[in-house]
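Student: Handing over upload-v9.cif, mmCIF, C-alpha atoms and all ligand atoms.
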```cif
data_model
loop_
_atom_site.label_atom_id
_atom_site.label_comp_id
_atom_site.auth_asym_id
_atom_site.auth_seq_id
_atom_site.Cartn_x
_atom_site.Cartn_y
_atom_site.Cartn_z
CA MET A 87 -4.95 17.81 20.01
CA ALA A 88 -2.43 20.67 20.20
CA VAL A 89 0.25 21.21 17.58
CA PRO A 90 3.52 19.80 19.00
CA GLN A 91 6.19 22.13 20.36
CA TYR A 92 9.02 19.96 19.12
CA VAL A 93 9.18 17.98 15.87
CA LYS A 94 11.73 15.26 15.19
CA ILE A 95 13.03 15.37 11.64
CA VAL A 96 14.06 12.09 10.02
CA GLU A 97 16.41 13.03 7.18
CA VAL A 98 16.02 10.47 4.38
CA GLY A 99 18.16 12.15 1.70
CA PRO A 100 21.08 9.68 1.73
CA ARG A 101 18.59 6.81 1.23
CA ASP A 102 15.28 7.91 -0.31
CA GLY A 103 17.03 10.80 -2.05
CA LEU A 104 19.98 8.98 -3.54
CA GLN A 105 18.07 5.79 -4.41
CA HIS A 106 16.27 7.84 -7.06
CA GLU A 107 19.25 9.62 -8.61
CA SER A 108 20.38 8.28 -11.98
CA GLN A 109 23.92 9.28 -11.06
CA ILE A 110 25.36 7.01 -8.38
CA LEU A 111 27.24 9.12 -5.87
CA SER A 112 30.75 7.90 -5.04
CA LEU A 113 31.44 6.41 -1.62
CA GLU A 114 33.55 9.46 -0.77
CA ASN A 115 30.74 11.84 -1.65
CA LYS A 116 28.15 9.80 0.26
CA LEU A 117 30.38 10.01 3.34
CA ALA A 118 30.82 13.75 2.84
CA PHE A 119 27.06 14.14 2.41
CA ILE A 120 26.21 12.31 5.63
CA GLU A 121 28.98 14.12 7.54
CA ARG A 122 27.64 17.50 6.42
CA LEU A 123 24.12 16.50 7.44
CA SER A 124 25.43 15.31 10.81
CA GLN A 125 26.64 18.85 11.51
CA THR A 126 23.24 20.50 11.01
CA GLY A 127 21.62 19.41 14.27
CA LEU A 128 19.60 16.56 12.72
CA SER A 129 19.13 13.66 15.14
CA VAL A 130 18.15 10.97 12.62
CA ILE A 131 19.82 10.46 9.23
CA GLU A 132 18.81 7.42 7.17
CA ALA A 133 22.16 6.26 5.91
CA GLY A 134 21.37 3.59 3.31
CA ALA A 135 19.44 0.45 2.38
CA PHE A 136 20.53 -3.16 2.71
CA VAL A 137 18.40 -4.25 -0.23
CA SER A 138 19.22 -6.28 -3.32
CA PRO A 139 21.85 -4.39 -5.36
CA ARG A 140 20.12 -5.66 -8.49
CA TRP A 141 16.92 -3.94 -7.43
CA VAL A 142 18.47 -0.66 -6.25
CA PRO A 143 22.08 -0.29 -7.46
CA GLN A 144 22.34 3.18 -5.92
CA MET A 145 22.36 1.58 -2.45
CA ALA A 146 24.81 -1.25 -3.26
CA ASP A 147 27.61 0.25 -1.15
CA SER A 148 25.49 0.77 1.98
CA GLN A 149 27.69 -1.56 4.03
CA ALA A 150 30.82 0.39 3.13
CA VAL A 151 29.00 3.67 3.76
CA PHE A 152 27.76 2.62 7.17
CA LYS A 153 31.15 1.29 8.22
CA ALA A 154 32.94 4.50 7.27
CA ILE A 155 30.61 7.28 8.40
CA VAL A 156 31.56 9.13 11.53
CA LYS A 157 28.77 8.38 14.00
CA HIS A 158 28.08 11.61 15.84
CA SER A 159 26.79 11.23 19.36
CA GLY A 160 23.10 12.04 19.61
CA VAL A 161 22.54 11.13 15.95
CA SER A 162 21.11 7.80 14.84
CA TYR A 163 21.78 6.36 11.40
CA PRO A 164 19.03 3.85 10.51
CA VAL A 165 19.08 1.75 7.34
CA LEU A 166 16.37 -0.01 5.35
CA VAL A 167 16.22 -3.80 5.66
CA PRO A 168 13.76 -5.95 3.64
CA ASN A 169 14.63 -9.44 4.92
CA MET A 170 16.98 -11.55 7.07
CA LYS A 171 19.78 -11.28 4.55
CA GLY A 172 19.67 -7.48 4.79
CA PHE A 173 19.48 -7.70 8.56
CA GLU A 174 22.56 -9.91 8.82
CA LEU A 175 24.54 -7.57 6.57
CA ALA A 176 23.41 -4.58 8.61
CA GLN A 177 24.19 -6.25 11.90
CA SER A 178 27.66 -7.24 10.71
CA VAL A 179 28.63 -3.57 10.38
CA GLY A 180 27.12 -2.51 13.70
CA VAL A 181 23.87 -0.89 12.61
CA GLN A 182 21.88 0.21 15.67
CA GLU A 183 18.55 0.92 14.00
CA ILE A 184 16.78 -0.61 11.01
CA ALA A 185 13.58 0.11 9.13
CA VAL A 186 11.41 -2.58 7.59
CA PHE A 187 9.09 -1.50 4.79
CA THR A 188 5.82 -2.69 3.34
CA ALA A 189 2.73 -1.06 1.83
CA ALA A 190 -0.99 -0.51 2.12
CA SER A 191 -1.33 -1.56 -1.52
CA GLU A 192 -0.87 -5.16 -2.66
CA SER A 193 0.27 -4.18 -6.16
CA PHE A 194 2.92 -1.80 -4.87
CA SER A 195 4.17 -4.39 -2.41
CA GLN A 196 4.64 -6.86 -5.27
CA LYS A 197 6.46 -4.33 -7.45
CA ASN A 198 8.68 -2.99 -4.67
CA ILE A 199 9.60 -6.04 -2.62
CA ASN A 200 8.32 -8.90 -4.78
CA CYS A 201 5.83 -10.29 -2.26
CA SER A 202 2.36 -9.70 -0.84
CA ILE A 203 1.78 -7.53 2.22
CA SER A 204 1.16 -10.55 4.42
CA GLU A 205 4.29 -12.30 3.09
CA SER A 206 6.28 -9.16 3.86
CA LEU A 207 5.04 -9.16 7.44
CA LYS A 208 5.96 -12.84 7.72
CA ARG A 209 9.47 -11.97 6.51
CA PHE A 210 9.76 -9.16 9.05
CA LYS A 211 8.88 -11.38 12.02
CA PRO A 212 12.31 -13.04 12.36
CA VAL A 213 14.02 -9.76 11.44
CA ILE A 214 12.27 -7.87 14.24
CA LYS A 215 12.86 -10.72 16.70
CA ALA A 216 16.58 -10.87 15.90
CA ALA A 217 16.86 -7.09 16.05
CA GLN A 218 15.12 -6.89 19.41
CA SER A 219 17.31 -9.59 20.91
CA SER A 220 20.38 -7.59 19.80
CA GLY A 221 19.05 -4.26 21.09
CA ILE A 222 18.56 -2.90 17.56
CA ARG A 223 15.60 -0.55 17.19
CA VAL A 224 13.10 -1.19 14.41
CA ARG A 225 11.05 1.37 12.56
CA GLY A 226 8.27 0.39 10.13
CA TYR A 227 7.27 2.03 6.87
CA VAL A 228 3.88 1.80 5.17
CA SER A 229 3.92 3.02 1.56
CA CYS A 230 1.05 4.28 -0.61
CA VAL A 231 -0.95 5.58 2.33
CA LEU A 232 -2.66 8.25 0.20
CA GLY A 233 -2.66 6.59 -3.19
CA CYS A 234 -0.97 3.89 -5.24
CA PRO A 235 0.49 4.18 -8.75
CA TYR A 236 -1.15 0.86 -9.67
CA GLU A 237 -4.39 0.80 -7.62
CA GLY A 238 -5.31 4.48 -7.23
CA ASP A 239 -7.13 5.38 -4.00
CA ILE A 240 -6.21 3.51 -0.83
CA ARG A 241 -8.68 3.20 2.03
CA PRO A 242 -7.53 4.73 5.35
CA GLU A 243 -8.62 1.47 7.07
CA ALA A 244 -6.21 -0.50 4.89
CA VAL A 245 -3.38 1.79 6.04
CA ALA A 246 -4.48 1.51 9.66
CA ALA A 247 -4.54 -2.30 9.50
CA VAL A 248 -0.94 -2.59 8.22
CA ALA A 249 0.35 0.12 10.56
CA GLU A 250 -1.24 -1.64 13.54
CA LYS A 251 0.36 -4.96 12.59
CA LEU A 252 3.82 -3.39 12.33
CA TYR A 253 3.33 -1.67 15.66
CA GLN A 254 2.17 -4.87 17.35
CA MET A 255 5.14 -6.72 15.87
CA GLY A 256 7.47 -4.32 17.68
CA CYS A 257 8.16 -1.34 15.43
CA TYR A 258 8.60 1.65 17.74
CA GLU A 259 7.51 4.11 15.07
CA ILE A 260 5.38 3.78 11.93
CA SER A 261 6.20 6.07 9.04
CA LEU A 262 3.24 6.76 6.77
CA GLY A 263 4.45 7.21 3.21
CA ASP A 264 2.58 9.19 0.58
CA THR A 265 4.87 7.55 -1.93
CA ILE A 266 3.54 9.25 -5.04
CA GLY A 267 2.52 12.52 -3.40
CA THR A 268 -1.11 12.45 -4.52
CA GLY A 269 -2.49 13.22 -1.06
CA THR A 270 -4.28 16.43 -0.14
CA PRO A 271 -4.68 17.90 3.37
CA LEU A 272 -8.15 16.62 4.29
CA LYS A 273 -7.36 13.13 2.98
CA ALA A 274 -4.11 13.17 4.94
CA GLN A 275 -6.07 14.06 8.08
CA GLN A 276 -8.64 11.30 7.47
CA MET A 277 -5.86 8.77 7.01
CA VAL A 278 -4.01 9.85 10.17
CA HIS A 279 -7.30 9.83 12.13
CA ALA A 280 -7.91 6.23 11.07
CA VAL A 281 -4.38 5.10 11.90
CA ALA A 282 -4.29 6.94 15.22
CA GLU A 283 -7.26 4.90 16.39
CA ARG A 284 -4.99 1.86 16.31
CA VAL A 285 -1.47 3.26 16.86
CA PRO A 286 -0.80 6.12 19.31
CA VAL A 287 -0.15 9.27 17.32
CA GLU A 288 3.19 9.86 19.08
CA HIS A 289 4.41 6.67 17.39
CA LEU A 290 3.50 7.86 13.90
CA ALA A 291 5.60 9.76 11.37
CA ALA A 292 4.59 11.58 8.20
CA HIS A 293 6.65 10.72 5.11
CA PHE A 294 5.24 12.86 2.34
CA HIS A 295 6.49 13.21 -1.21
CA ASP A 296 5.87 16.47 -3.02
CA THR A 297 4.89 15.31 -6.50
CA TYR A 298 1.80 17.54 -6.66
CA GLY A 299 3.17 20.33 -4.44
CA GLN A 300 0.94 19.26 -1.53
CA ALA A 301 3.49 18.00 0.95
CA LEU A 302 3.81 21.12 3.16
CA ALA A 303 0.04 21.61 3.24
CA ASN A 304 -0.39 17.94 4.14
CA LEU A 305 2.20 18.25 6.90
CA PHE A 306 0.52 21.34 8.28
CA ALA A 307 -2.76 19.41 8.32
CA VAL A 308 -1.38 16.40 10.20
CA LEU A 309 0.59 18.54 12.68
CA GLN A 310 -2.86 19.67 13.86
CA LEU A 311 -3.56 16.03 14.77
CA GLY A 312 -0.42 15.70 16.88
CA ILE A 313 2.03 14.19 14.38
CA SER A 314 5.46 15.14 15.74
CA THR A 315 7.85 13.20 13.49
CA ILE A 316 8.43 14.25 9.91
CA ASP A 317 10.52 12.47 7.28
CA SER A 318 12.07 14.78 4.70
CA SER A 319 14.92 14.94 2.26
CA VAL A 320 17.41 17.76 1.93
CA ALA A 321 17.04 19.60 -1.40
CA GLY A 322 13.81 17.65 -1.97
CA LEU A 323 15.68 14.71 -3.48
CA GLY A 324 13.98 11.37 -3.70
CA GLY A 325 11.40 9.06 -5.09
CA CYS A 326 10.87 5.35 -5.31
CA PRO A 327 12.20 3.44 -8.31
CA TYR A 328 9.11 1.22 -8.12
CA ALA A 329 6.60 4.09 -8.08
CA LYS A 330 6.76 5.60 -11.55
CA GLY A 331 6.45 9.38 -11.59
CA ALA A 332 7.04 9.80 -7.87
CA SER A 333 9.10 12.92 -7.26
CA GLY A 334 11.16 13.89 -4.28
CA ASN A 335 10.31 13.94 -0.64
CA VAL A 336 9.31 17.24 0.86
CA ALA A 337 12.52 19.27 1.18
CA THR A 338 13.94 19.35 4.70
CA GLU A 339 14.77 23.05 4.44
CA ASP A 340 11.18 23.89 3.43
CA VAL A 341 9.89 21.91 6.42
CA ILE A 342 12.32 23.64 8.80
CA TYR A 343 11.39 27.05 7.40
CA MET A 344 7.70 26.32 7.99
CA LEU A 345 8.25 24.90 11.48
CA ASN A 346 10.52 27.83 12.45
CA GLY A 347 7.70 30.15 11.39
CA MET A 348 5.27 28.23 13.60
CA GLY A 349 7.64 28.46 16.59
CA ILE A 350 8.14 24.68 16.59
CA GLU A 351 11.60 23.49 17.70
CA THR A 352 13.55 20.97 15.61
CA GLY A 353 17.16 21.50 16.69
CA VAL A 354 18.11 21.84 13.02
CA ASP A 355 20.09 24.84 11.80
CA LEU A 356 18.45 26.09 8.61
CA ASN A 357 21.56 27.90 7.36
CA GLN A 358 23.75 24.83 7.76
CA LEU A 359 21.17 22.82 5.88
CA ILE A 360 21.17 25.29 3.03
CA TYR A 361 24.97 24.93 2.76
CA VAL A 362 24.39 21.20 2.35
CA THR A 363 21.89 21.75 -0.47
CA HIS A 364 24.39 24.03 -2.19
CA TRP A 365 27.13 21.40 -1.90
CA LEU A 366 24.73 18.73 -3.13
CA ALA A 367 23.71 20.75 -6.17
CA GLN A 368 27.35 21.16 -7.17
CA THR A 369 28.18 17.52 -6.49
CA LEU A 370 25.18 16.12 -8.36
CA GLU A 371 25.45 18.88 -10.97
CA LYS A 372 21.77 19.69 -10.78
CA ASP A 373 19.61 22.65 -9.89
CA ILE A 374 18.18 22.97 -6.42
CA THR A 375 14.42 22.79 -6.64
CA SER A 376 13.37 23.47 -3.07
CA LYS A 377 11.76 26.84 -2.55
CA THR A 378 13.74 27.81 0.56
CA SER A 379 17.16 26.96 -0.84
CA SER A 380 16.44 28.71 -4.11
CA ALA A 381 15.18 31.80 -2.28
CA VAL A 382 18.17 31.98 0.05
CA LEU A 383 20.67 31.45 -2.76
CA ILE A 384 19.06 34.13 -4.91
CA ASN A 385 18.61 36.72 -2.14
P1 LIG B 1 13.75 -11.15 -4.66
O1 LIG B 1 14.37 -11.11 -6.03
O2 LIG B 1 12.36 -11.67 -4.53
O3 LIG B 1 14.69 -11.83 -3.55
O4 LIG B 1 13.77 -9.65 -4.10
P2 LIG B 1 15.35 -13.21 -3.42
O5 LIG B 1 15.31 -13.55 -1.97
O6 LIG B 1 14.79 -14.18 -4.41
O7 LIG B 1 16.88 -12.89 -3.80
C1 LIG B 1 17.27 -12.54 -5.12
C2 LIG B 1 18.73 -12.11 -5.09
O8 LIG B 1 18.90 -10.94 -4.29
C3 LIG B 1 19.66 -13.15 -4.48
O9 LIG B 1 20.91 -12.99 -5.10
C4 LIG B 1 19.78 -12.71 -3.04
O10 LIG B 1 20.95 -13.15 -2.41
C5 LIG B 1 19.78 -11.21 -3.19
P3 LIG B 1 21.43 -13.99 -6.24
O11 LIG B 1 21.48 -15.35 -5.55
O12 LIG B 1 20.38 -13.97 -7.33
O13 LIG B 1 22.75 -13.43 -6.63
N1 LIG B 1 19.26 -10.51 -2.01
C6 LIG B 1 19.92 -9.54 -1.36
N2 LIG B 1 21.11 -8.93 -1.56
C7 LIG B 1 21.47 -7.97 -0.70
N3 LIG B 1 20.70 -7.55 0.34
C8 LIG B 1 19.51 -8.13 0.57
C9 LIG B 1 19.07 -9.16 -0.30
N4 LIG B 1 17.97 -9.92 -0.34
C10 LIG B 1 18.10 -10.75 -1.37
N5 LIG B 1 18.76 -7.71 1.58
C11 LIG B 1 13.94 -8.10 -2.28
C12 LIG B 1 13.24 -9.33 -2.84
C13 LIG B 1 13.12 -7.62 -1.10
C14 LIG B 1 15.34 -8.47 -1.87
C15 LIG B 1 13.97 -7.03 -3.41
O14 LIG B 1 12.68 -6.88 -3.92
C16 LIG B 1 14.48 -5.71 -2.93
O15 LIG B 1 15.63 -5.56 -2.57
N6 LIG B 1 13.60 -4.67 -2.94
C17 LIG B 1 13.95 -3.36 -2.42
C18 LIG B 1 13.28 -2.30 -3.24
C19 LIG B 1 13.62 -0.96 -2.65
O16 LIG B 1 14.62 -0.78 -2.00
N7 LIG B 1 12.73 0.05 -2.92
C20 LIG B 1 12.93 1.37 -2.45
C21 LIG B 1 12.78 1.51 -0.96
S1 LIG B 1 11.09 1.58 -0.41
C22 LIG B 1 10.64 3.24 -0.62
O17 LIG B 1 11.36 4.01 -1.21
C23 LIG B 1 9.38 3.76 0.03
C24 LIG B 1 9.66 4.56 1.30
O18 LIG B 1 10.51 5.65 1.06
C25 LIG B 1 8.34 5.06 1.90
C26 LIG B 1 7.46 5.76 0.86
O19 LIG B 1 7.89 6.76 0.27
O20 LIG B 1 6.36 5.27 0.68
C27 LIG B 1 10.33 3.67 2.36
MG MG B 2 9.83 7.65 0.26
#
```
Please express the file's structure as structure tokens.
Tutor:
Amino acid sequence: MAVPQYVKIVEVGPRDGLQHESQILSLENKLAFIERLSQTGLSVIEAGAFVSPRWVPQMADSQAVFKAIVKHSGVSYPVLVPNMKGFELAQSVGVQEIAVFTAASESFSQKNINCSISESLKRFKPVIKAAQSSGIRVRGYVSCVLGCPYEGDIRPEAVAAVAEKLYQMGCYEISLGDTIGTGTPLKAQQMVHAVAERVPVEHLAAHFHDTYGQALANLFAVLQLGISTIDSSVAGLGGCPYAKGASGNVATEDVIYMLNGMGIETGVDLNQLIYVTHWLAQTLEKDITSKTSSAVLIN
């Protein structure tokens, strides 16, 4: 399988990134954040999560955010939805794409969405049906594909089984989440091999966190298997509140730098992205930790 010539980047900073920040960004700053990202050439920007505000207070204003963002043509703004309630709220503000999310680990599923994997799939059934009948696209996430904070190693076959179910239920793309970033390149390849036997590789996405500094190496490894969609978060923000110790997603600017070097198109302007990281650092009053942004700002 040849390395793809074009990679679609799914920017998850406004959701995965901000859900993990102790400081809750104001509505105005969230809008400014998404607007700045929309001007970088990204084609997918995850704009929020219609989850319980008691579980993730950082996402409590997702309805207001979605309503107010300027929707640029050619850019989609998916949101996370865990159940029918979330779907109805999302639909009421005109969301065009949702993402349902479950896990390859039973313990993580319980901690994150308070139900078993099979219960989660049962919950998604009416959500996906309602979405499809309204022309709303549905993406599916599988967490803990390379390790679980509660169960340790996860078998590639367990990941493949959940991914296949989501795909058969109607998710057009399955995002494989290394939630706690414990994966290493060969394990990432084994996992993608197993999943690709059940879901065509062009319908898979890599969603790697960088807790152990392995995310770029893991991405390079799975690009060799034909993965052509990568989830990432500008400035490397992110983590899951229900996966203790999980650090940020791989930084979008580091991914773009690597892909540019490999001659792989993304449509994303690296310089514009770095301006966003700079703005974000000032707004969140924190240091930028991604290698590329730090290097460009210093040089
Ligand atoms: P529950 O407590 O079992 O739900 O939570 P419930 O149905 O019993 O409802 C409890 C309360 O929440 C009720 O309110 C509901 O109305 C309300 P009350 O009557 O007590 O006032 N509620 C809602 N409110 C707003 N929107 C909703 C909603 N649903 C119920 N959609 C639930 C179950 C799934 C809701 C909860 O566990 C939850 O929201 N979990 C989300 C956790 C989360 O967002 N985690 C982070 C995202 S996943 C992630 O980061 C991983 C990923 O990045 C990939 C990777 O890295 O691996 C995607
Ligand atoms: Mg994540």
Student: For Arg225 (chain A), work out the shell of residues within 8 Å, counting all atoms listed in the file and skipping chain neighbours fewer than 4 positions away, then give it as a PyMOL selection string.
Tutor: chain A and resi 183-186+257-261
Student: Residues at most 8 Å from ligand LIG 1 (chain B), using only C-alpha atoms and all ligand atoms? Could they come as a PDB file with C-alpha atoms, in the coordinates of the input?
Tutor:
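Result went into selection_39.pdb, see below:
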```
ATOM      1  CA  ASP A 102      15.280   7.910  -0.310  1.00  0.00           C
ATOM      2  CA  GLN A 105      18.070   5.790  -4.410  1.00  0.00           C
ATOM      3  CA  ALA A 135      19.440   0.450   2.380  1.00  0.00           C
ATOM      4  CA  PHE A 136      20.530  -3.160   2.710  1.00  0.00           C
ATOM      5  CA  VAL A 137      18.400  -4.250  -0.230  1.00  0.00           C
ATOM      6  CA  SER A 138      19.220  -6.280  -3.320  1.00  0.00           C
ATOM      7  CA  PRO A 139      21.850  -4.390  -5.360  1.00  0.00           C
ATOM      8  CA  ARG A 140      20.120  -5.660  -8.490  1.00  0.00           C
ATOM      9  CA  TRP A 141      16.920  -3.940  -7.430  1.00  0.00           C
ATOM     10  CA  VAL A 142      18.470  -0.660  -6.250  1.00  0.00           C
ATOM     11  CA  ALA A 146      24.810  -1.250  -3.260  1.00  0.00           C
ATOM     12  CA  LEU A 166      16.370  -0.010   5.350  1.00  0.00           C
ATOM     13  CA  VAL A 167      16.220  -3.800   5.660  1.00  0.00           C
ATOM     14  CA  PRO A 168      13.760  -5.950   3.640  1.00  0.00           C
ATOM     15  CA  ASN A 169      14.630  -9.440   4.920  1.00  0.00           C
ATOM     16  CA  MET A 170      16.980 -11.550   7.070  1.00  0.00           C
ATOM     17  CA  LYS A 171      19.780 -11.280   4.550  1.00  0.00           C
ATOM     18  CA  GLY A 172      19.670  -7.480   4.790  1.00  0.00           C
ATOM     19  CA  PHE A 173      19.480  -7.700   8.560  1.00  0.00           C
ATOM     20  CA  LEU A 175      24.540  -7.570   6.570  1.00  0.00           C
ATOM     21  CA  PHE A 187       9.090  -1.500   4.790  1.00  0.00           C
ATOM     22  CA  THR A 188       5.820  -2.690   3.340  1.00  0.00           C
ATOM     23  CA  ALA A 189       2.730  -1.060   1.830  1.00  0.00           C
ATOM     24  CA  LYS A 197       6.460  -4.330  -7.450  1.00  0.00           C
ATOM     25  CA  ASN A 198       8.680  -2.990  -4.670  1.00  0.00           C
ATOM     26  CA  ILE A 199       9.600  -6.040  -2.620  1.00  0.00           C
ATOM     27  CA  ASN A 200       8.320  -8.900  -4.780  1.00  0.00           C
ATOM     28  CA  CYS A 201       5.830 -10.290  -2.260  1.00  0.00           C
ATOM     29  CA  TYR A 227       7.270   2.030   6.870  1.00  0.00           C
ATOM     30  CA  VAL A 228       3.880   1.800   5.170  1.00  0.00           C
ATOM     31  CA  SER A 229       3.920   3.020   1.560  1.00  0.00           C
ATOM     32  CA  CYS A 230       1.050   4.280  -0.610  1.00  0.00           C
ATOM     33  CA  VAL A 231      -0.950   5.580   2.330  1.00  0.00           C
ATOM     34  CA  SER A 261       6.200   6.070   9.040  1.00  0.00           C
ATOM     35  CA  LEU A 262       3.240   6.760   6.770  1.00  0.00           C
ATOM     36  CA  GLY A 263       4.450   7.210   3.210  1.00  0.00           C
ATOM     37  CA  ASP A 264       2.580   9.190   0.580  1.00  0.00           C
ATOM     38  CA  THR A 265       4.870   7.550  -1.930  1.00  0.00           C
ATOM     39  CA  ILE A 266       3.540   9.250  -5.040  1.00  0.00           C
ATOM     40  CA  HIS A 293       6.650  10.720   5.110  1.00  0.00           C
ATOM     41  CA  PHE A 294       5.240  12.860   2.340  1.00  0.00           C
ATOM     42  CA  HIS A 295       6.490  13.210  -1.210  1.00  0.00           C
ATOM     43  CA  GLY A 325      11.400   9.060  -5.090  1.00  0.00           C
ATOM     44  CA  CYS A 326      10.870   5.350  -5.310  1.00  0.00           C
ATOM     45  CA  PRO A 327      12.200   3.440  -8.310  1.00  0.00           C
ATOM     46  CA  TYR A 328       9.110   1.220  -8.120  1.00  0.00           C
ATOM     47  CA  ASN A 335      10.310  13.940  -0.640  1.00  0.00           C
TER      48      ASN A 335
END
```
Student: What lies within 12 Å of Ala282 (chain A) using only C-alpha atoms, ignoring chain neighbours under 4 positions off, as a PyMOL selection string?
Tutor: chain A and resi 87+242-243+245-247+249-250+253+260+262+275-278+286-291+308+311-313
Student: Which one of A:Leu356, A:Ala303, A:Leu323, A:Ala118 sits closest to ligand MG 2 (chain B) if you count all atoms listed in the file?
Tutor: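 Closest residue, counting all atoms listed in the file: A:Leu323.
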Student: Quick one: residues within 9 Å of region 339-344 of chain A, all atoms listed in the file counted, chain neighbours fewer than 3 positions away excluded, as a PyMOL selection string?
Tutor: chain A and resi 95+302+305-306+316+318-322+336+347-352+354-357+359-360+363+376-379
Student: Grab the residues selected above and save them as a PDB file, in the frame of the given file with C-alpha atoms.
Tutor:
```pdb
ATOM      1  CA  ILE A  95      13.030  15.370  11.640  1.00  0.00           C
ATOM      2  CA  LEU A 302       3.810  21.120   3.160  1.00  0.00           C
ATOM      3  CA  LEU A 305       2.200  18.250   6.900  1.00  0.00           C
ATOM      4  CA  PHE A 306       0.520  21.340   8.280  1.00  0.00           C
ATOM      5  CA  ILE A 316       8.430  14.250   9.910  1.00  0.00           C
ATOM      6  CA  SER A 318      12.070  14.780   4.700  1.00  0.00           C
ATOM      7  CA  SER A 319      14.920  14.940   2.260  1.00  0.00           C
ATOM      8  CA  VAL A 320      17.410  17.760   1.930  1.00  0.00           C
ATOM      9  CA  ALA A 321      17.040  19.600  -1.400  1.00  0.00           C
ATOM     10  CA  GLY A 322      13.810  17.650  -1.970  1.00  0.00           C
ATOM     11  CA  VAL A 336       9.310  17.240   0.860  1.00  0.00           C
ATOM     12  CA  GLY A 347       7.700  30.150  11.390  1.00  0.00           C
ATOM     13  CA  MET A 348       5.270  28.230  13.600  1.00  0.00           C
ATOM     14  CA  GLY A 349       7.640  28.460  16.590  1.00  0.00           C
ATOM     15  CA  ILE A 350       8.140  24.680  16.590  1.00  0.00           C
ATOM     16  CA  GLU A 351      11.600  23.490  17.700  1.00  0.00           C
ATOM     17  CA  THR A 352      13.550  20.970  15.610  1.00  0.00           C
ATOM     18  CA  VAL A 354      18.110  21.840  13.020  1.00  0.00           C
ATOM     19  CA  ASP A 355      20.090  24.840  11.800  1.00  0.00           C
ATOM     20  CA  LEU A 356      18.450  26.090   8.610  1.00  0.00           C
ATOM     21  CA  ASN A 357      21.560  27.900   7.360  1.00  0.00           C
ATOM     22  CA  LEU A 359      21.170  22.820   5.880  1.00  0.00           C
ATOM     23  CA  ILE A 360      21.170  25.290   3.030  1.00  0.00           C
ATOM     24  CA  THR A 363      21.890  21.750  -0.470  1.00  0.00           C
ATOM     25  CA  SER A 376      13.370  23.470  -3.070  1.00  0.00           C
ATOM     26  CA  LYS A 377      11.760  26.840  -2.550  1.00  0.00           C
ATOM     27  CA  THR A 378      13.740  27.810   0.560  1.00  0.00           C
ATOM     28  CA  SER A 379      17.160  26.960  -0.840  1.00  0.00           C
TER      29      SER A 379
END
```
Student: Would you kindly return, as a PDB file with C-alpha atoms, in the frame of the given file, each protein, DNA or RNA residue with an atom no farther than 12 Å from any atom of Thr369 (chain A), considering only C-alpha atoms and excluding same-chain residues fewer than 3 positions away?
Tutor:
```
ATOM      1  CA  GLN A 109      23.920   9.280 -11.060  1.00  0.00           C
ATOM      2  CA  ILE A 110      25.360   7.010  -8.380  1.00  0.00           C
ATOM      3  CA  LEU A 111      27.240   9.120  -5.870  1.00  0.00           C
ATOM      4  CA  SER A 112      30.750   7.900  -5.040  1.00  0.00           C
ATOM      5  CA  GLU A 114      33.550   9.460  -0.770  1.00  0.00           C
ATOM      6  CA  ASN A 115      30.740  11.840  -1.650  1.00  0.00           C
ATOM      7  CA  LYS A 116      28.150   9.800   0.260  1.00  0.00           C
ATOM      8  CA  ALA A 118      30.820  13.750   2.840  1.00  0.00           C
ATOM      9  CA  PHE A 119      27.060  14.140   2.410  1.00  0.00           C
ATOM     10  CA  VAL A 362      24.390  21.200   2.350  1.00  0.00           C
ATOM     11  CA  THR A 363      21.890  21.750  -0.470  1.00  0.00           C
ATOM     12  CA  HIS A 364      24.390  24.030  -2.190  1.00  0.00           C
ATOM     13  CA  TRP A 365      27.130  21.400  -1.900  1.00  0.00           C
ATOM     14  CA  LEU A 366      24.730  18.730  -3.130  1.00  0.00           C
ATOM     15  CA  LYS A 372      21.770  19.690 -10.780  1.00  0.00           C
ATOM     16  CA  ASP A 373      19.610  22.650  -9.890  1.00  0.00           C
ATOM     17  CA  ILE A 374      18.180  22.970  -6.420  1.00  0.00           C
TER      18      ILE A 374
END
```
Student: Rounded to one decimal place, report the CA of Pro164 (chain A)-CA of Ile131 (chain A) distance in Å.
Tutor: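 Going from CA of Pro164 (chain A) over to CA of Ile131 (chain A), I get 6.8 Å.
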Student: Here is a test: counting all atoms listed in the file, which residue of A:Gly99, A:His279, A:Val89, A:Glu121 is nearest to ligand MG 2 (chain B)?
Tutor: A:Gly99
Student: Nearest to ligand MG 2 (chain B) among A:Ala292, A:Ala217, A:Val179, A:Leu370, with distances taken over all atoms listed in the file: which residue is it?
Tutor: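 Looking at the shortest contact to ligand MG 2 (chain B), the residue is A:Ala292.
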Student: Can you work out which one of A:Pro143, A:Gly127, A:Gly299, A:Pro100 has the shortest atom-to-atom distance to His158 (chain A), counting all atoms listed in the file?
Tutor: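 Smallest distance to His158 (chain A) is found for A:Gly127.
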Student: In file coordinates, which residues lie within 6 Å of (14.6, 11.8, -5.4) using all atoms listed in the file, given as a list in words?
Tutor: Gly103, His106, Leu323, Gly324, Gly325, Ser333 and Gly334 of chain A
Student: Create the file for the chosen residues now, containing C-alpha atoms and written as a JSON list (two decimals), in the frame of the given file.
Tutor:
```json
[["chain", "number", "residue", "atom", "x", "y", "z"],
["A", 103, "GLY", "CA", 17.03, 10.80, -2.05],
["A", 106, "HIS", "CA", 16.27, 7.84, -7.06],
["A", 323, "LEU", "CA", 15.68, 14.71, -3.48],
["A", 324, "GLY", "CA", 13.98, 11.37, -3.70],
["A", 325, "GLY", "CA", 11.40, 9.06, -5.09],
["A", 333, "SER", "CA", 9.10, 12.92, -7.26],
["A", 334, "GLY", "CA", 11.16, 13.89, -4.28]]
```
